[in-house]
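A.B. asks: Input structure: start-v2.pdb, which contains PDB, C-alpha atoms, pLDDT in the B column.
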ATOM      1  CA  MET A  25     -22.060  10.782  -7.808  1.00 56.00           C
ATOM      2  CA  SER A  26     -22.994   9.237  -4.461  1.00 74.00           C
ATOM      3  CA  GLY A  27     -20.488   8.684  -1.685  1.00 78.00           C
ATOM      4  CA  GLN A  28     -20.910   4.921  -1.918  1.00 84.00           C
ATOM      5  CA  VAL A  29     -20.119   4.945  -5.640  1.00 89.00           C
ATOM      6  CA  ILE A  30     -16.958   6.961  -4.967  1.00 90.00           C
ATOM      7  CA  LEU A  31     -15.958   4.624  -2.123  1.00 89.00           C
ATOM      8  CA  ASP A  32     -16.553   1.552  -4.272  1.00 90.00           C
ATOM      9  CA  ALA A  33     -14.515   3.049  -7.142  1.00 92.00           C
ATOM     10  CA  SER A  34     -11.652   3.778  -4.742  1.00 93.00           C
ATOM     11  CA  LYS A  35     -11.858   0.224  -3.373  1.00 93.00           C
ATOM     12  CA  ASP A  36     -11.802  -1.220  -6.901  1.00 95.00           C
ATOM     13  CA  LYS A  37      -8.773   0.871  -7.876  1.00 96.00           C
ATOM     14  CA  LEU A  38      -6.956  -0.277  -4.747  1.00 97.00           C
ATOM     15  CA  ALA A  39      -7.898  -3.912  -5.421  1.00 97.00           C
ATOM     16  CA  ALA A  40      -6.388  -3.635  -8.911  1.00 97.00           C
ATOM     17  CA  ALA A  41      -3.189  -2.119  -7.484  1.00 98.00           C
ATOM     18  CA  PHE A  42      -2.960  -4.949  -4.948  1.00 98.00           C
ATOM     19  CA  ASP A  43      -3.493  -7.623  -7.588  1.00 98.00           C
ATOM     20  CA  ILE A  44      -0.588  -6.422  -9.699  1.00 98.00           C
ATOM     21  CA  LEU A  45       1.684  -5.827  -6.683  1.00 98.00           C
ATOM     22  CA  PHE A  46       1.016  -9.287  -5.277  1.00 98.00           C
ATOM     23  CA  ALA A  47       1.790 -10.807  -8.677  1.00 98.00           C
ATOM     24  CA  SER A  48       5.255  -9.222  -8.414  1.00 98.00           C
ATOM     25  CA  ILE A  49       5.645 -10.293  -4.793  1.00 98.00           C
ATOM     26  CA  ASP A  50       4.603 -13.869  -5.550  1.00 97.00           C
ATOM     27  CA  GLY A  51       7.236 -14.080  -8.303  1.00 97.00           C
ATOM     28  CA  TYR A  52       9.959 -12.344  -6.308  1.00 98.00           C
ATOM     29  CA  VAL A  53      13.462 -13.776  -6.476  1.00 97.00           C
ATOM     30  CA  PRO A  54      15.707 -12.336  -3.744  1.00 97.00           C
ATOM     31  CA  PHE A  55      17.966  -9.554  -4.970  1.00 97.00           C
ATOM     32  CA  ASP A  56      21.707 -10.239  -4.721  1.00 97.00           C
ATOM     33  CA  PRO A  57      23.535  -6.958  -4.069  1.00 96.00           C
ATOM     34  CA  ALA A  58      26.866  -8.524  -5.089  1.00 96.00           C
ATOM     35  CA  ARG A  59      25.585  -9.443  -8.535  1.00 96.00           C
ATOM     36  CA  ARG A  60      25.706  -7.095 -11.510  1.00 95.00           C
ATOM     37  CA  TYR A  61      22.260  -7.192 -13.158  1.00 96.00           C
ATOM     38  CA  THR A  62      21.545  -6.331 -16.773  1.00 97.00           C
ATOM     39  CA  PRO A  63      18.776  -3.794 -17.392  1.00 96.00           C
ATOM     40  CA  LYS A  64      16.489  -6.633 -18.465  1.00 97.00           C
ATOM     41  CA  GLU A  65      17.245  -8.559 -15.260  1.00 97.00           C
ATOM     42  CA  ARG A  66      16.441  -5.436 -13.214  1.00 96.00           C
ATOM     43  CA  GLU A  67      12.955  -5.083 -14.732  1.00 97.00           C
ATOM     44  CA  PRO A  68      11.160  -7.308 -12.173  1.00 98.00           C
ATOM     45  CA  TYR A  69      12.688  -5.285  -9.324  1.00 97.00           C
ATOM     46  CA  ASP A  70      11.754  -1.993 -10.950  1.00 96.00           C
ATOM     47  CA  ALA A  71       8.229  -3.323 -11.489  1.00 98.00           C
ATOM     48  CA  LEU A  72       8.060  -4.387  -7.834  1.00 98.00           C
ATOM     49  CA  THR A  73       8.963  -0.925  -6.559  1.00 97.00           C
ATOM     50  CA  ASP A  74       6.666   0.844  -9.025  1.00 97.00           C
ATOM     51  CA  ARG A  75       3.782  -1.413  -8.076  1.00 98.00           C
ATOM     52  CA  TYR A  76       4.517  -0.908  -4.385  1.00 98.00           C
ATOM     53  CA  LEU A  77       4.384   2.864  -4.856  1.00 97.00           C
ATOM     54  CA  ARG A  78       1.063   2.574  -6.677  1.00 98.00           C
ATOM     55  CA  ALA A  79      -0.427   0.281  -4.024  1.00 98.00           C
ATOM     56  CA  PHE A  80       0.796   2.499  -1.185  1.00 98.00           C
ATOM     57  CA  GLU A  81      -0.612   5.675  -2.735  1.00 97.00           C
ATOM     58  CA  SER A  82      -3.869   3.945  -3.690  1.00 97.00           C
ATOM     59  CA  SER A  83      -4.179   2.757  -0.090  1.00 98.00           C
ATOM     60  CA  LEU A  84      -3.874   6.301   1.196  1.00 97.00           C
ATOM     61  CA  LYS A  85      -6.477   7.505  -1.307  1.00 96.00           C
ATOM     62  CA  PHE A  86      -8.836   4.734  -0.216  1.00 96.00           C
ATOM     63  CA  PHE A  87      -8.269   5.667   3.427  1.00 96.00           C
ATOM     64  CA  ARG A  88      -9.030   9.322   2.717  1.00 96.00           C
ATOM     65  CA  THR A  89     -12.154   8.372   0.786  1.00 94.00           C
ATOM     66  CA  LEU A  90     -13.316   6.069   3.582  1.00 94.00           C
ATOM     67  CA  GLU A  91     -12.646   8.798   6.117  1.00 95.00           C
ATOM     68  CA  ARG A  92     -14.636  11.375   4.098  1.00 92.00           C
ATOM     69  CA  PHE A  93     -17.461   8.889   3.910  1.00 88.00           C
ATOM     70  CA  ARG A  94     -17.506   8.271   7.679  1.00 91.00           C
ATOM     71  CA  GLU A  95     -16.366  11.510   9.302  1.00 92.00           C
ATOM     72  CA  ALA A  96     -17.493  15.131   9.293  1.00 87.00           C
ATOM     73  CA  ALA A  97     -13.940  16.512   9.172  1.00 92.00           C
ATOM     74  CA  PRO A  98     -10.798  15.107   7.521  1.00 93.00           C
ATOM     75  CA  SER A  99      -7.654  14.301   9.450  1.00 96.00           C
ATOM     76  CA  GLU A 100      -5.136  17.099   9.701  1.00 95.00           C
ATOM     77  CA  SER A 101      -2.088  14.879   9.250  1.00 97.00           C
ATOM     78  CA  LEU A 102      -1.118  11.537   7.809  1.00 97.00           C
ATOM     79  CA  ARG A 103      -0.531  10.239  11.329  1.00 97.00           C
ATOM     80  CA  ASP A 104      -4.083  11.238  12.333  1.00 97.00           C
ATOM     81  CA  LEU A 105      -5.469   9.523   9.238  1.00 98.00           C
ATOM     82  CA  LEU A 106      -3.523   6.350   9.990  1.00 98.00           C
ATOM     83  CA  GLN A 107      -4.622   6.330  13.618  1.00 98.00           C
ATOM     84  CA  ARG A 108      -8.210   6.650  12.455  1.00 97.00           C
ATOM     85  CA  MET A 109      -7.722   3.753  10.025  1.00 97.00           C
ATOM     86  CA  GLU A 110      -6.286   1.669  12.847  1.00 97.00           C
ATOM     87  CA  LYS A 111      -9.379   2.470  14.893  1.00 96.00           C
ATOM     88  CA  TYR A 112     -11.592   1.357  11.968  1.00 95.00           C
ATOM     89  CA  GLY A 113      -9.598  -1.877  11.668  1.00 96.00           C
ATOM     90  CA  ALA A 114      -8.460  -0.991   8.136  1.00 96.00           C
ATOM     91  CA  ILE A 115      -4.789  -1.329   9.099  1.00 98.00           C
ATOM     92  CA  SER A 116      -3.027  -3.287  11.813  1.00 97.00           C
ATOM     93  CA  ARG A 117      -0.887  -0.468  13.264  1.00 98.00           C
ATOM     94  CA  ALA A 118      -0.434   3.196  12.379  1.00 98.00           C
ATOM     95  CA  ALA A 119       3.262   3.044  13.309  1.00 97.00           C
ATOM     96  CA  LEU A 120       3.833   0.333  10.703  1.00 98.00           C
ATOM     97  CA  TRP A 121       2.392   2.622   8.025  1.00 98.00           C
ATOM     98  CA  ILE A 122       4.914   5.287   8.955  1.00 97.00           C
ATOM     99  CA  ASP A 123       7.564   2.637   8.198  1.00 97.00           C
ATOM    100  CA  LEU A 124       5.816   1.807   4.911  1.00 98.00           C
ATOM    101  CA  ARG A 125       5.935   5.496   4.008  1.00 97.00           C
ATOM    102  CA  ASP A 126       9.658   5.488   4.789  1.00 96.00           C
ATOM    103  CA  THR A 127      10.082   2.550   2.402  1.00 96.00           C
ATOM    104  CA  ARG A 128       8.182   4.518  -0.244  1.00 95.00           C
ATOM    105  CA  ASN A 129      10.453   7.525   0.284  1.00 94.00           C
ATOM    106  CA  ARG A 130      13.638   5.442   0.184  1.00 94.00           C
ATOM    107  CA  ILE A 131      12.711   3.985  -3.212  1.00 94.00           C
ATOM    108  CA  ALA A 132      13.276   7.341  -4.905  1.00 87.00           C
ATOM    109  CA  HIS A 133      16.616   8.003  -3.221  1.00 87.00           C
ATOM    110  CA  GLU A 134      18.474   4.716  -2.896  1.00 79.00           C
ATOM    111  CA  TYR A 135      20.756   3.403  -5.596  1.00 80.00           C
ATOM    112  CA  LEU A 136      23.297   1.367  -3.648  1.00 90.00           C
ATOM    113  CA  PRO A 137      22.755  -2.373  -4.192  1.00 92.00           C
ATOM    114  CA  GLN A 138      22.785  -3.163  -0.460  1.00 93.00           C
ATOM    115  CA  GLU A 139      20.088  -0.568   0.185  1.00 94.00           C
ATOM    116  CA  LEU A 140      18.027  -1.775  -2.762  1.00 95.00           C
ATOM    117  CA  ALA A 141      18.182  -5.313  -1.379  1.00 96.00           C
ATOM    118  CA  LYS A 142      16.804  -4.036   1.933  1.00 96.00           C
ATOM    119  CA  ILE A 143      14.028  -2.090   0.201  1.00 97.00           C
ATOM    120  CA  TYR A 144      12.980  -5.152  -1.808  1.00 97.00           C
ATOM    121  CA  ALA A 145      13.049  -7.295   1.331  1.00 97.00           C
ATOM    122  CA  ASP A 146      10.894  -4.731   3.160  1.00 97.00           C
ATOM    123  CA  ILE A 147       8.360  -4.745   0.327  1.00 98.00           C
ATOM    124  CA  VAL A 148       8.029  -8.537   0.116  1.00 98.00           C
ATOM    125  CA  GLY A 149       8.183  -8.925   3.904  1.00 98.00           C
ATOM    126  CA  PRO A 150       6.432  -6.544   6.321  1.00 97.00           C
ATOM    127  CA  ALA A 151       4.834  -4.377   3.623  1.00 98.00           C
ATOM    128  CA  ALA A 152       3.320  -7.357   1.812  1.00 98.00           C
ATOM    129  CA  THR A 153       1.932  -8.752   5.056  1.00 98.00           C
ATOM    130  CA  GLU A 154       0.308  -5.450   5.954  1.00 98.00           C
ATOM    131  CA  LEU A 155      -1.043  -4.780   2.478  1.00 98.00           C
ATOM    132  CA  ARG A 156      -2.576  -8.265   2.372  1.00 97.00           C
ATOM    133  CA  TYR A 157      -4.246  -7.416   5.690  1.00 97.00           C
ATOM    134  CA  VAL A 158      -5.667  -4.213   4.180  1.00 97.00           C
ATOM    135  CA  GLN A 159      -6.830  -6.190   1.157  1.00 96.00           C
ATOM    136  CA  SER A 160      -8.677  -8.600   3.453  1.00 94.00           C
ATOM    137  CA  ARG A 161     -10.408  -5.711   5.233  1.00 94.00           C
ATOM    138  CA  MET A 162     -11.379  -3.534   2.231  1.00 88.00           C
ATOM    139  CA  ALA A 163     -14.559  -5.322   1.233  1.00 81.00           C
ATOM    140  CA  ALA A 164     -15.797  -5.530   4.815  1.00 83.00           C
ATOM    141  CA  LEU A 165     -15.166  -1.827   5.395  1.00 83.00           C
ATOM    142  CA  ALA A 166     -16.943  -0.797   2.211  1.00 75.00           C
ATOM    143  CA  ALA A 167     -19.813  -3.214   2.915  1.00 71.00           C
ATOM    144  CA  THR A 168     -20.210  -1.833   6.430  1.00 60.00           C
ATOM    145  CA  ASP A 169     -20.441   1.650   4.981  1.00 55.00           C
ATOM    146  CA  ASN A 170     -22.898   0.483   2.345  1.00 53.00           C
ATOM    147  CA  GLU A 171     -25.143  -0.829   5.138  1.00 52.00           C
ATOM    148  CA  ARG A 172     -24.906   2.507   6.985  1.00 51.00           C
ATOM    149  CA  ASN A 173     -26.401   4.426   4.066  1.00 50.00           C
TER     150      ASN A 173
END
Let me see the file written as C-alpha cells.
C.D. replies:
Amino acid sequence: MSGQVILDASKDKLAAAFDILFASIDGYVPFDPARRYTPKEREPYDALTDRYLRAFESSLKFFRTLERFREAAPSESLRDLLQRMEKYGAISRAALWIDLRDTRNRIAHEYLPQELAKIYADIVGPAATELRYVQSRMAALAATDNERN
C-alpha cells in the first residue's frame, strides 16, 4: 500500500471522527452541575466525551502518519510531534494540544459534576475551535503531500 493511500485513509478516518464529534458539539446543551441527570439524560454528554476521545486519538494518528510521510525519522515525544505539526500548519499551537491531552486524561478520572461541567465546556470551547482548525487544514496537508509524490 502506498504512503499516499495510507495518508488518505488516515485523513478519511479523522474526517469521520470530526463529523460525529461536531454533531455532538452542535447539539450541546450546557451541563448543569447542580442538576441530577437520569442515565438517559446523561447520554449526550457521554457521547460527547467518547467522540472527543476518538477525534483526539484519530488526530494524533493522522499526525503520526503525516510525519512518517514527510520525515525520515519519527518524533521521539508527543511534544516533538506537536511542534512539528505546528511547523507544518496542521495545528495552531503545540501548547494547546498539551491542554487538549489533559482534557482527554481528565475524562477518565473525573466524576464530580463541577469537574464534568468544566470538561464539557473545554470540549465545546477551545477544543472544538482547535479541532475545527485541524479539520480545515487536513485536506490541504494531504493534497500538498500528494503533489510532492
A.B. asks: Would you list the contacts of Phe93 in chain A as an mmCIF file with C-alpha atoms, keeping the file's coordinate frame, taking every protein, DNA or RNA residue within 8 Å and counting all atoms listed in the file, but skipping same-chain residues closer than 2 positions in sequence?
C.D. replies:
data_model
loop_
_atom_site.group_PDB
_atom_site.id
_atom_site.type_symbol
_atom_site.label_atom_id
_atom_site.label_comp_id
_atom_site.auth_asym_id
_atom_site.auth_seq_id
_atom_site.Cartn_x
_atom_site.Cartn_y
_atom_site.Cartn_z
ATOM 1 C CA GLY A 27 -20.488 8.684 -1.685
ATOM 2 C CA GLN A 28 -20.910 4.921 -1.918
ATOM 3 C CA LEU A 31 -15.958 4.624 -2.123
ATOM 4 C CA THR A 89 -12.154 8.372 0.786
ATOM 5 C CA LEU A 90 -13.316 6.069 3.582
ATOM 6 C CA GLU A 91 -12.646 8.798 6.117
ATOM 7 C CA GLU A 95 -16.366 11.510 9.302
ATOM 8 C CA ASP A 169 -20.441 1.650 4.981
#
A.B. asks: Using the chain letters and numbers from this file, what does the PyMOL selection byres ((chain A and resi 65-69) around 9) select? Give the answer as a PyMOL selection string.
C.D. replies: chain A and resi 48+51-53+55+61-64+70-74+144
A.B. asks: Just so the selection is clear, what residues does the PyMOL selection byres ((chain A and resi 154) around 10) cover here, as a list of chain:residue names?
C.D. replies: A:Ile115, A:Ser116, A:Arg117, A:Leu120, A:Trp121, A:Leu124, A:Ile147, A:Gly149, A:Pro150, A:Ala151, A:Ala152, A:Thr153, A:Leu155, A:Arg156, A:Tyr157, A:Val158, A:Gln159, A:Ser160
A.B. asks: Given the file above and the PyMOL selection byres ((chain A and resi 37-45) around 8), which residues are selected, and can you give them as a list of chain:residue names?
C.D. replies: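 Matching residues under the PyMOL selection byres ((chain A and resi 37-45) around 8) are A:Ala33, A:Ser34, A:Lys35, A:Asp36, A:Phe46, A:Ala47, A:Ser48, A:Ile49, A:Leu72, A:Arg75, A:Tyr76, A:Arg78, A:Ala79, A:Ser82, A:Ser83, A:Phe86, A:Leu155, A:Gln159.
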A.B. asks: Kindly extract all protein, DNA and RNA residues lying within 7 Å of the coordinates (-7.4, 8.0, 8.3) given in the file, considering all atoms listed in the file, and supply them as a ChimeraX atom specification.
C.D. replies: /A:87-88,91,99,104-109
A.B. asks: Emit the selected residues as a compact mmCIF listing (two decimals), in the frame of the given file, including C-alpha atoms.
C.D. replies:
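See out.txt below for the written result:
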# COMPACT_ATOMS: atom_id res chain seq x y z
CA PHE A 87 -8.27 5.67 3.43
CA ARG A 88 -9.03 9.32 2.72
CA GLU A 91 -12.65 8.80 6.12
CA SER A 99 -7.65 14.30 9.45
CA ASP A 104 -4.08 11.24 12.33
CA LEU A 105 -5.47 9.52 9.24
CA LEU A 106 -3.52 6.35 9.99
CA GLN A 107 -4.62 6.33 13.62
CA ARG A 108 -8.21 6.65 12.46
CA MET A 109 -7.72 3.75 10.02
A.B. asks: Give the answer as one residue: which of A:Arg130, A:Lys142, A:Arg94, A:Arg103 has the shortest atom-to-atom distance to Leu165 in chain A, using all atoms listed in the file?
C.D. replies: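 Closest to Leu165 in chain A of all the choices is A:Arg94.
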A.B. asks: What is the distance between CA of Arg128 in chain A and CA of Leu77 in chain A, in Å to one decimal?
C.D. replies: 6.2 Å
A.B. asks: At a cut-off of 10 Å from (20.7, -1.4, -6.2) in the coordinates of the file, what residues are picked up using only C-alpha atoms, written as a PDB file with C-alpha atoms, keeping the file's coordinate frame?
C.D. replies:
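Contents of point.pdb, as written:
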ATOM      1  CA  PHE A  55      17.966  -9.554  -4.970  1.00 97.00           C
ATOM      2  CA  ASP A  56      21.707 -10.239  -4.721  1.00 97.00           C
ATOM      3  CA  PRO A  57      23.535  -6.958  -4.069  1.00 96.00           C
ATOM      4  CA  ALA A  58      26.866  -8.524  -5.089  1.00 96.00           C
ATOM      5  CA  ARG A  59      25.585  -9.443  -8.535  1.00 96.00           C
ATOM      6  CA  ARG A  60      25.706  -7.095 -11.510  1.00 95.00           C
ATOM      7  CA  TYR A  61      22.260  -7.192 -13.158  1.00 96.00           C
ATOM      8  CA  ARG A  66      16.441  -5.436 -13.214  1.00 96.00           C
ATOM      9  CA  TYR A  69      12.688  -5.285  -9.324  1.00 97.00           C
ATOM     10  CA  GLU A 134      18.474   4.716  -2.896  1.00 79.00           C
ATOM     11  CA  TYR A 135      20.756   3.403  -5.596  1.00 80.00           C
ATOM     12  CA  LEU A 136      23.297   1.367  -3.648  1.00 90.00           C
ATOM     13  CA  PRO A 137      22.755  -2.373  -4.192  1.00 92.00           C
ATOM     14  CA  GLN A 138      22.785  -3.163  -0.460  1.00 93.00           C
ATOM     15  CA  GLU A 139      20.088  -0.568   0.185  1.00 94.00           C
ATOM     16  CA  LEU A 140      18.027  -1.775  -2.762  1.00 95.00           C
ATOM     17  CA  ALA A 141      18.182  -5.313  -1.379  1.00 96.00           C
ATOM     18  CA  LYS A 142      16.804  -4.036   1.933  1.00 96.00           C
ATOM     19  CA  ILE A 143      14.028  -2.090   0.201  1.00 97.00           C
ATOM     20  CA  TYR A 144      12.980  -5.152  -1.808  1.00 97.00           C
TER      21      TYR A 144
END
A.B. asks: How would range 79-96 of chain A read, as an mmCIF file, keeping the file's coordinate frame, once N, CA and C atoms are built in?
C.D. replies:
data_model
loop_
_atom_site.group_PDB
_atom_site.id
_atom_site.type_symbol
_atom_site.label_atom_id
_atom_site.label_comp_id
_atom_site.auth_asym_id
_atom_site.auth_seq_id
_atom_site.Cartn_x
_atom_site.Cartn_y
_atom_site.Cartn_z
ATOM 1 N N ALA A 79 0.433 0.877 -5.051
ATOM 2 C CA ALA A 79 -0.427 0.281 -4.024
ATOM 3 C C ALA A 79 -0.437 1.132 -2.750
ATOM 4 N N PHE A 80 0.722 1.657 -2.380
ATOM 5 C CA PHE A 80 0.796 2.499 -1.185
ATOM 6 C C PHE A 80 -0.054 3.755 -1.373
ATOM 7 N N GLU A 81 0.132 4.442 -2.480
ATOM 8 C CA GLU A 81 -0.612 5.675 -2.735
ATOM 9 C C GLU A 81 -2.107 5.396 -2.894
ATOM 10 N N SER A 82 -2.455 4.306 -3.553
ATOM 11 C CA SER A 82 -3.869 3.945 -3.690
ATOM 12 C C SER A 82 -4.487 3.624 -2.333
ATOM 13 N N SER A 83 -3.699 3.030 -1.448
ATOM 14 C CA SER A 83 -4.179 2.757 -0.090
ATOM 15 C C SER A 83 -4.519 4.058 0.623
ATOM 16 N N LEU A 84 -3.620 5.018 0.537
ATOM 17 C CA LEU A 84 -3.874 6.301 1.196
ATOM 18 C C LEU A 84 -5.109 6.986 0.618
ATOM 19 N N LYS A 85 -5.281 6.909 -0.687
ATOM 20 C CA LYS A 85 -6.477 7.505 -1.307
ATOM 21 C C LYS A 85 -7.741 6.800 -0.825
ATOM 22 N N PHE A 86 -7.686 5.474 -0.732
ATOM 23 C CA PHE A 86 -8.836 4.734 -0.216
ATOM 24 C C PHE A 86 -9.125 5.140 1.227
ATOM 25 N N PHE A 87 -8.077 5.269 2.037
ATOM 26 C CA PHE A 87 -8.269 5.667 3.427
ATOM 27 C C PHE A 87 -8.913 7.045 3.518
ATOM 28 N N ARG A 88 -8.448 7.971 2.701
ATOM 29 C CA ARG A 88 -9.030 9.322 2.717
ATOM 30 C C ARG A 88 -10.489 9.291 2.259
ATOM 31 N N THR A 89 -10.775 8.487 1.266
ATOM 32 C CA THR A 89 -12.154 8.372 0.786
ATOM 33 C C THR A 89 -13.042 7.760 1.867
ATOM 34 N N LEU A 90 -12.573 6.705 2.499
ATOM 35 C CA LEU A 90 -13.316 6.069 3.582
ATOM 36 C C LEU A 90 -13.549 7.058 4.719
ATOM 37 N N GLU A 91 -12.530 7.807 5.046
ATOM 38 C CA GLU A 91 -12.646 8.798 6.117
ATOM 39 C C GLU A 91 -13.696 9.859 5.757
ATOM 40 N N ARG A 92 -13.653 10.367 4.531
ATOM 41 C CA ARG A 92 -14.636 11.375 4.098
ATOM 42 C C ARG A 92 -16.053 10.819 4.173
ATOM 43 N N PHE A 93 -16.162 9.541 3.897
ATOM 44 C CA PHE A 93 -17.461 8.889 3.910
ATOM 45 C C PHE A 93 -17.989 8.735 5.332
ATOM 46 N N ARG A 94 -17.090 8.548 6.301
ATOM 47 C CA ARG A 94 -17.506 8.271 7.679
ATOM 48 C C ARG A 94 -17.466 9.470 8.614
ATOM 49 N N GLU A 95 -16.617 10.427 8.347
ATOM 50 C CA GLU A 95 -16.366 11.510 9.302
ATOM 51 C C GLU A 95 -16.809 12.869 8.760
ATOM 52 N N ALA A 96 -17.100 13.779 9.684
ATOM 53 C CA ALA A 96 -17.493 15.131 9.293
ATOM 54 C C ALA A 96 -16.297 15.965 8.862
#
